[in-house]
$ cat start_3.txt   # compact mmCIF, C-alpha atoms
# COMPACT_ATOMS: atom_id res chain seq x y z
CA MET A 518 56.03 44.97 6.17
CA ILE A 519 52.57 43.72 7.08
CA LYS A 520 52.91 41.23 9.94
CA VAL A 521 50.41 38.36 9.68
CA LEU A 522 49.32 35.85 12.32
CA LEU A 523 47.73 32.61 11.04
CA ALA A 524 45.16 30.83 13.20
CA ASP A 525 43.88 27.51 11.82
CA ASP A 526 43.81 24.03 13.33
CA GLN A 527 44.88 22.44 10.03
CA ALA A 528 48.67 22.52 9.62
CA LEU A 529 48.46 22.05 5.84
CA VAL A 530 46.18 25.07 5.49
CA ARG A 531 48.57 27.18 7.55
CA ALA A 532 51.53 25.98 5.49
CA GLY A 533 49.79 26.94 2.25
CA PHE A 534 48.86 30.39 3.48
CA LYS A 535 52.36 30.94 4.91
CA ALA A 536 54.09 30.03 1.65
CA LEU A 537 51.81 32.37 -0.28
CA LEU A 538 52.10 35.34 2.08
CA ASP A 539 55.84 35.00 2.71
CA ALA A 540 56.41 35.18 -1.05
CA GLN A 541 55.04 38.73 -1.13
CA PRO A 542 57.48 41.64 -0.78
CA ASP A 543 55.29 43.63 1.61
CA MET A 544 54.06 40.99 4.08
CA GLY A 545 55.13 37.97 6.09
CA VAL A 546 53.82 35.44 8.61
CA VAL A 547 55.22 36.17 12.08
CA ALA A 548 53.41 33.42 14.02
CA GLU A 549 51.04 30.45 13.66
CA ALA A 550 48.35 29.22 16.04
CA GLY A 551 46.45 25.94 16.09
CA ASP A 552 43.49 27.26 18.07
CA GLY A 553 41.90 30.50 19.23
CA ALA A 554 43.48 30.64 22.67
CA GLU A 555 46.95 30.32 21.20
CA ALA A 556 46.10 33.01 18.63
CA VAL A 557 45.11 35.49 21.34
CA SER A 558 48.26 34.73 23.33
CA LEU A 559 50.51 35.12 20.29
CA ALA A 560 48.77 38.34 19.23
CA ARG A 561 49.77 39.92 22.53
CA THR A 562 53.38 38.82 22.01
CA VAL A 563 54.11 39.39 18.32
CA GLU A 564 51.65 42.28 17.76
CA PRO A 565 50.55 41.37 14.22
CA ASP A 566 48.93 43.84 11.84
CA VAL A 567 46.52 41.23 10.44
CA VAL A 568 45.14 37.96 11.83
CA LEU A 569 43.78 35.30 9.47
CA MET A 570 41.35 33.51 11.78
CA ASP A 571 39.57 30.24 11.05
CA ILE A 572 36.05 30.59 12.45
CA ARG A 573 35.71 26.92 13.44
CA MET A 574 38.52 25.43 15.50
CA PRO A 575 38.50 22.88 18.34
CA GLY A 576 38.81 24.32 21.82
CA THR A 577 38.62 28.10 21.61
CA ASP A 578 36.98 28.88 18.27
CA GLY A 579 37.60 31.87 16.02
CA LEU A 580 34.56 33.78 17.25
CA THR A 581 35.64 33.62 20.89
CA ALA A 582 39.22 34.47 19.94
CA THR A 583 38.11 37.46 17.87
CA ARG A 584 36.28 38.92 20.85
CA ALA A 585 39.33 38.35 23.09
CA MET A 586 41.89 39.89 20.73
CA PRO A 587 43.98 42.79 22.07
CA PRO A 588 43.52 46.18 20.35
CA GLY A 589 45.47 46.67 17.16
CA PRO A 590 45.32 43.70 14.80
CA LYS A 591 42.80 43.62 11.98
CA ILE A 592 41.00 40.29 11.81
CA ILE A 593 39.96 38.44 8.67
CA ILE A 594 37.62 35.54 9.36
CA LEU A 595 38.18 32.40 7.28
CA THR A 596 35.13 30.25 6.69
CA THR A 597 34.22 27.24 4.55
CA PHE A 598 30.86 28.75 3.64
CA GLU A 599 30.39 32.33 2.48
CA LEU A 600 27.46 33.02 4.81
CA ASP A 601 28.41 31.18 7.96
CA GLU A 602 26.12 31.83 10.92
CA TYR A 603 29.15 32.85 12.97
CA VAL A 604 30.28 35.57 10.56
CA PHE A 605 27.86 38.28 11.66
CA GLU A 606 28.71 37.62 15.31
CA ALA A 607 32.40 37.83 14.40
CA LEU A 608 31.84 41.21 12.78
CA ARG A 609 30.10 42.37 15.93
CA GLY A 610 33.11 41.10 17.86
CA GLY A 611 35.55 43.24 15.90
CA ALA A 612 36.46 41.36 12.70
CA SER A 613 37.13 43.50 9.63
CA GLY A 614 35.66 41.04 7.16
CA PHE A 615 35.72 37.47 5.97
CA LEU A 616 36.97 35.22 3.19
CA VAL A 617 35.98 31.75 2.09
CA LYS A 618 38.86 29.29 2.36
CA ASP A 619 38.88 28.43 -1.34
CA THR A 620 39.38 32.06 -2.37
CA GLU A 621 41.88 32.74 -5.13
CA PRO A 622 45.46 33.42 -3.93
CA GLU A 623 45.44 36.93 -5.40
CA GLU A 624 42.25 37.73 -3.49
CA LEU A 625 43.76 36.57 -0.20
CA ILE A 626 46.85 38.73 -0.73
CA GLN A 627 44.73 41.74 -1.63
CA ALA A 628 42.50 41.13 1.39
CA VAL A 629 45.47 41.31 3.75
CA ARG A 630 46.55 44.60 2.18
CA VAL A 631 43.02 46.02 2.33
CA VAL A 632 42.43 45.37 6.02
CA ALA A 633 45.98 46.38 6.95
CA ALA A 634 45.16 49.76 5.40
CA GLY A 635 42.12 50.07 7.66
CA GLU A 636 39.39 49.21 5.16
CA ALA A 637 36.61 46.66 5.68
CA LEU A 638 36.68 43.50 3.64
CA LEU A 639 32.97 43.48 2.79
CA SER A 640 31.62 44.08 -0.67
CA PRO A 641 28.20 45.79 -0.77
CA SER A 642 26.52 42.70 -2.24
CA VAL A 643 27.95 40.43 0.46
CA THR A 644 27.06 42.96 3.15
CA ARG A 645 23.43 42.99 2.01
CA ARG A 646 23.14 39.22 1.87
CA LEU A 647 24.97 38.64 5.13
CA ILE A 648 22.85 41.04 7.12
CA SER A 649 19.51 40.13 5.59
CA GLU A 650 20.29 36.49 6.38
CA TYR A 651 21.65 36.81 9.90
CA ALA A 652 20.95 40.20 11.45
CA THR A 653 17.54 39.07 12.65
CA ARG A 654 19.18 36.14 14.45
CA ALA A 655 21.83 38.18 16.24
CA LYS A 656 21.60 38.28 20.00
CA GLU A 657 20.16 41.45 21.45
CA PRO A 658 23.13 43.77 22.05
CA VAL A 659 23.54 46.76 24.27
CA ALA A 660 22.75 49.76 22.10
CA PRO A 661 26.03 51.46 21.12
CA GLY A 662 26.61 54.87 22.63
CA GLY A 663 27.62 57.93 20.65
CA LEU A 664 24.73 58.17 18.19
CA ASP A 665 23.66 61.41 19.83
CA GLN A 666 27.02 62.86 18.76
CA LEU A 667 26.20 62.36 15.09
CA THR A 668 24.75 65.12 12.96
CA ASP A 669 21.55 64.39 11.05
CA ARG A 670 23.59 63.99 7.87
CA GLU A 671 26.02 61.59 9.54
CA ARG A 672 23.08 59.50 10.77
CA GLU A 673 21.70 59.45 7.25
CA VAL A 674 25.05 58.33 5.86
CA LEU A 675 25.44 55.70 8.59
CA ALA A 676 22.05 54.24 7.70
CA LEU A 677 23.11 53.97 4.05
CA VAL A 678 26.40 52.34 5.02
CA GLY A 679 24.28 49.83 6.93
CA THR A 680 22.40 48.90 3.76
CA GLY A 681 25.69 48.08 2.05
CA LEU A 682 26.09 51.16 -0.16
CA THR A 683 29.56 52.28 -1.25
CA ASN A 684 30.71 55.88 -0.79
CA ASP A 685 30.01 56.56 -4.47
CA GLU A 686 26.47 55.17 -4.14
CA ILE A 687 25.87 57.20 -0.99
CA ALA A 688 27.13 60.32 -2.77
CA ALA A 689 24.76 59.76 -5.68
CA LYS A 690 21.78 59.11 -3.41
CA LEU A 691 22.38 62.18 -1.24
CA ILE A 692 23.58 64.40 -4.10
CA MET A 693 27.05 65.09 -2.75
CA SER A 694 30.59 64.38 -3.88
CA PRO A 695 32.19 61.00 -3.07
CA ALA A 696 34.83 62.88 -1.06
CA THR A 697 32.12 64.46 1.09
CA ALA A 698 30.45 61.08 1.60
CA LYS A 699 33.80 59.60 2.63
CA THR A 700 34.31 62.46 5.11
CA HIS A 701 30.91 61.79 6.72
CA VAL A 702 31.72 58.08 6.98
CA SER A 703 35.10 58.83 8.55
CA ARG A 704 33.57 61.20 11.09
CA ALA A 705 30.91 58.66 12.03
CA MET A 706 33.61 56.03 12.51
CA MET A 707 35.60 58.37 14.74
CA LYS A 708 32.63 59.43 16.87
CA LEU A 709 31.37 55.86 17.26
CA ARG A 710 34.88 54.49 17.79
CA ALA A 711 34.30 51.93 15.06
CA ARG A 712 37.35 50.04 13.84
CA ASP A 713 36.20 50.11 10.26
CA ARG A 714 33.23 50.10 7.90
CA ALA A 715 32.26 46.57 8.92
CA GLN A 716 31.56 47.74 12.46
CA LEU A 717 29.60 50.71 11.16
CA VAL A 718 27.30 48.25 9.39
CA VAL A 719 26.75 46.38 12.64
CA ILE A 720 26.14 49.61 14.59
CA ALA A 721 23.59 50.78 12.01
CA TYR A 722 21.55 47.64 12.70
CA GLU A 723 22.04 47.49 16.43
CA SER A 724 20.99 51.12 16.83
CA GLY A 725 17.82 50.65 14.79
CA LEU A 726 18.87 53.09 12.06
CA VAL A 727 18.46 50.20 9.65
CA LYS A 728 16.24 47.17 10.11
CA PRO A 729 16.44 43.76 8.45
CA GLY A 730 14.13 43.69 5.46
CA TRP A 731 14.98 47.20 4.28
CA LEU A 732 17.55 45.93 1.79

$ encode --input "start_3.txt" --output "structure tokens"
Amino acid sequence: MIKVLLADDQALVRAGFKALLDAQPDMGVVAEAGDGAEAVSLARTVEPDVVLMDIRMPGTDGLTATRAMPPGPKIIILTTFELDEYVFEALRGGASGFLVKDTEPEELIQAVRVVAAGEALLSPSVTRRLISEYATRAKEPVAPGGLDQLTDREREVLALVGTGLTNDEIAAKLIMSPATAKTHVSRAMMKLRARDRAQLVVIAYESGLVKPGWL
């Protein structure tokens, strides 16, 4: 069973999500939080697999809560607008992806399954638009360590991940099999200690391997 924690200040929204998720055979809501601080506290207690986190909540917001989350849970950011200015910062803080609140029920269910399996919830087209819109506004980070551990090929693959390419597209561009491309991505994630593909995208920008405007 996939254990889900809901964090949203609107009780009706939480109730709707809970009814939907609890109806699935492979997942269930184990706790609900009305703000970010409560979400962080509950995450330490109930140890969820996935957190559905509203980005804008009174008190401690979703961005602050995402950064404060204990290791383990995968975080899906919920936002009213697809390209919220907080989303890129949330990805930098450890979120695995984001959904708009009016997403179809089937998409929400699939999203929970995707991130629980360790994948990033970012389509290539959304990745490109998100980063081109907000990467230039991101605060200057400390450059991530570990890039010197990457092989030249892994750096090349990381740069392509940063532009939003899928493994199949990377494979075609570099003339290799999709399985080989996936292996390079997995090794880069391991060496850089990235939670998922979403964080690889952020690292590619923060390290300078990819620059806004290259998309």

$ residues_around --input "start_3.txt" --residues "Pro695 in chain A" --least-positions-apart "2" --cutoff "6 Å" --atoms "all atoms listed in the file" --output "list in words"
Asn684, Asp685, Ala688, Thr697 and Ala698 of chain A

$ write_last_selection --input "start_3.txt" --atoms "C-alpha atoms" --output "tab-separated table (two decimals), keeping the file's coordinate frame"
chain	number	residue	atom	x	y	z
A	684	ASN	CA	30.71	55.88	-0.79
A	685	ASP	CA	30.01	56.56	-4.47
A	688	ALA	CA	27.13	60.32	-2.77
A	697	THR	CA	32.12	64.46	1.09
A	698	ALA	CA	30.45	61.08	1.60

$ closest_residue --input "start_3.txt" --among "A:Ala633, A:Val568, A:Val719, A:Val678" --to "Gly553 in chain A" --atoms "all atoms listed in the file"
A:Val568

$ closest_residue --input "start_3.txt" --among "A:Ala554, A:Val718, A:Ile572, A:Ala582" --to "Val674 in chain A" --atoms "only C-alpha atoms"
A:Val718

$ atom_distance --input "start_3.txt" --atom1 "CA of Ala585 in chain A" --atom2 "CA of Lys618 in chain A"
22.6 Å

$ atom_distance --input "start_3.txt" --atom1 "CA of Leu537 in chain A" --atom2 "CA of Val521 in chain A"
11.7 Å

$ closest_residue --input "start_3.txt" --among "A:Ala536, A:Ala612, A:Ala721, A:Leu677" --to "Pro588 in chain A" --atoms "only C-alpha atoms"
A:Ala612
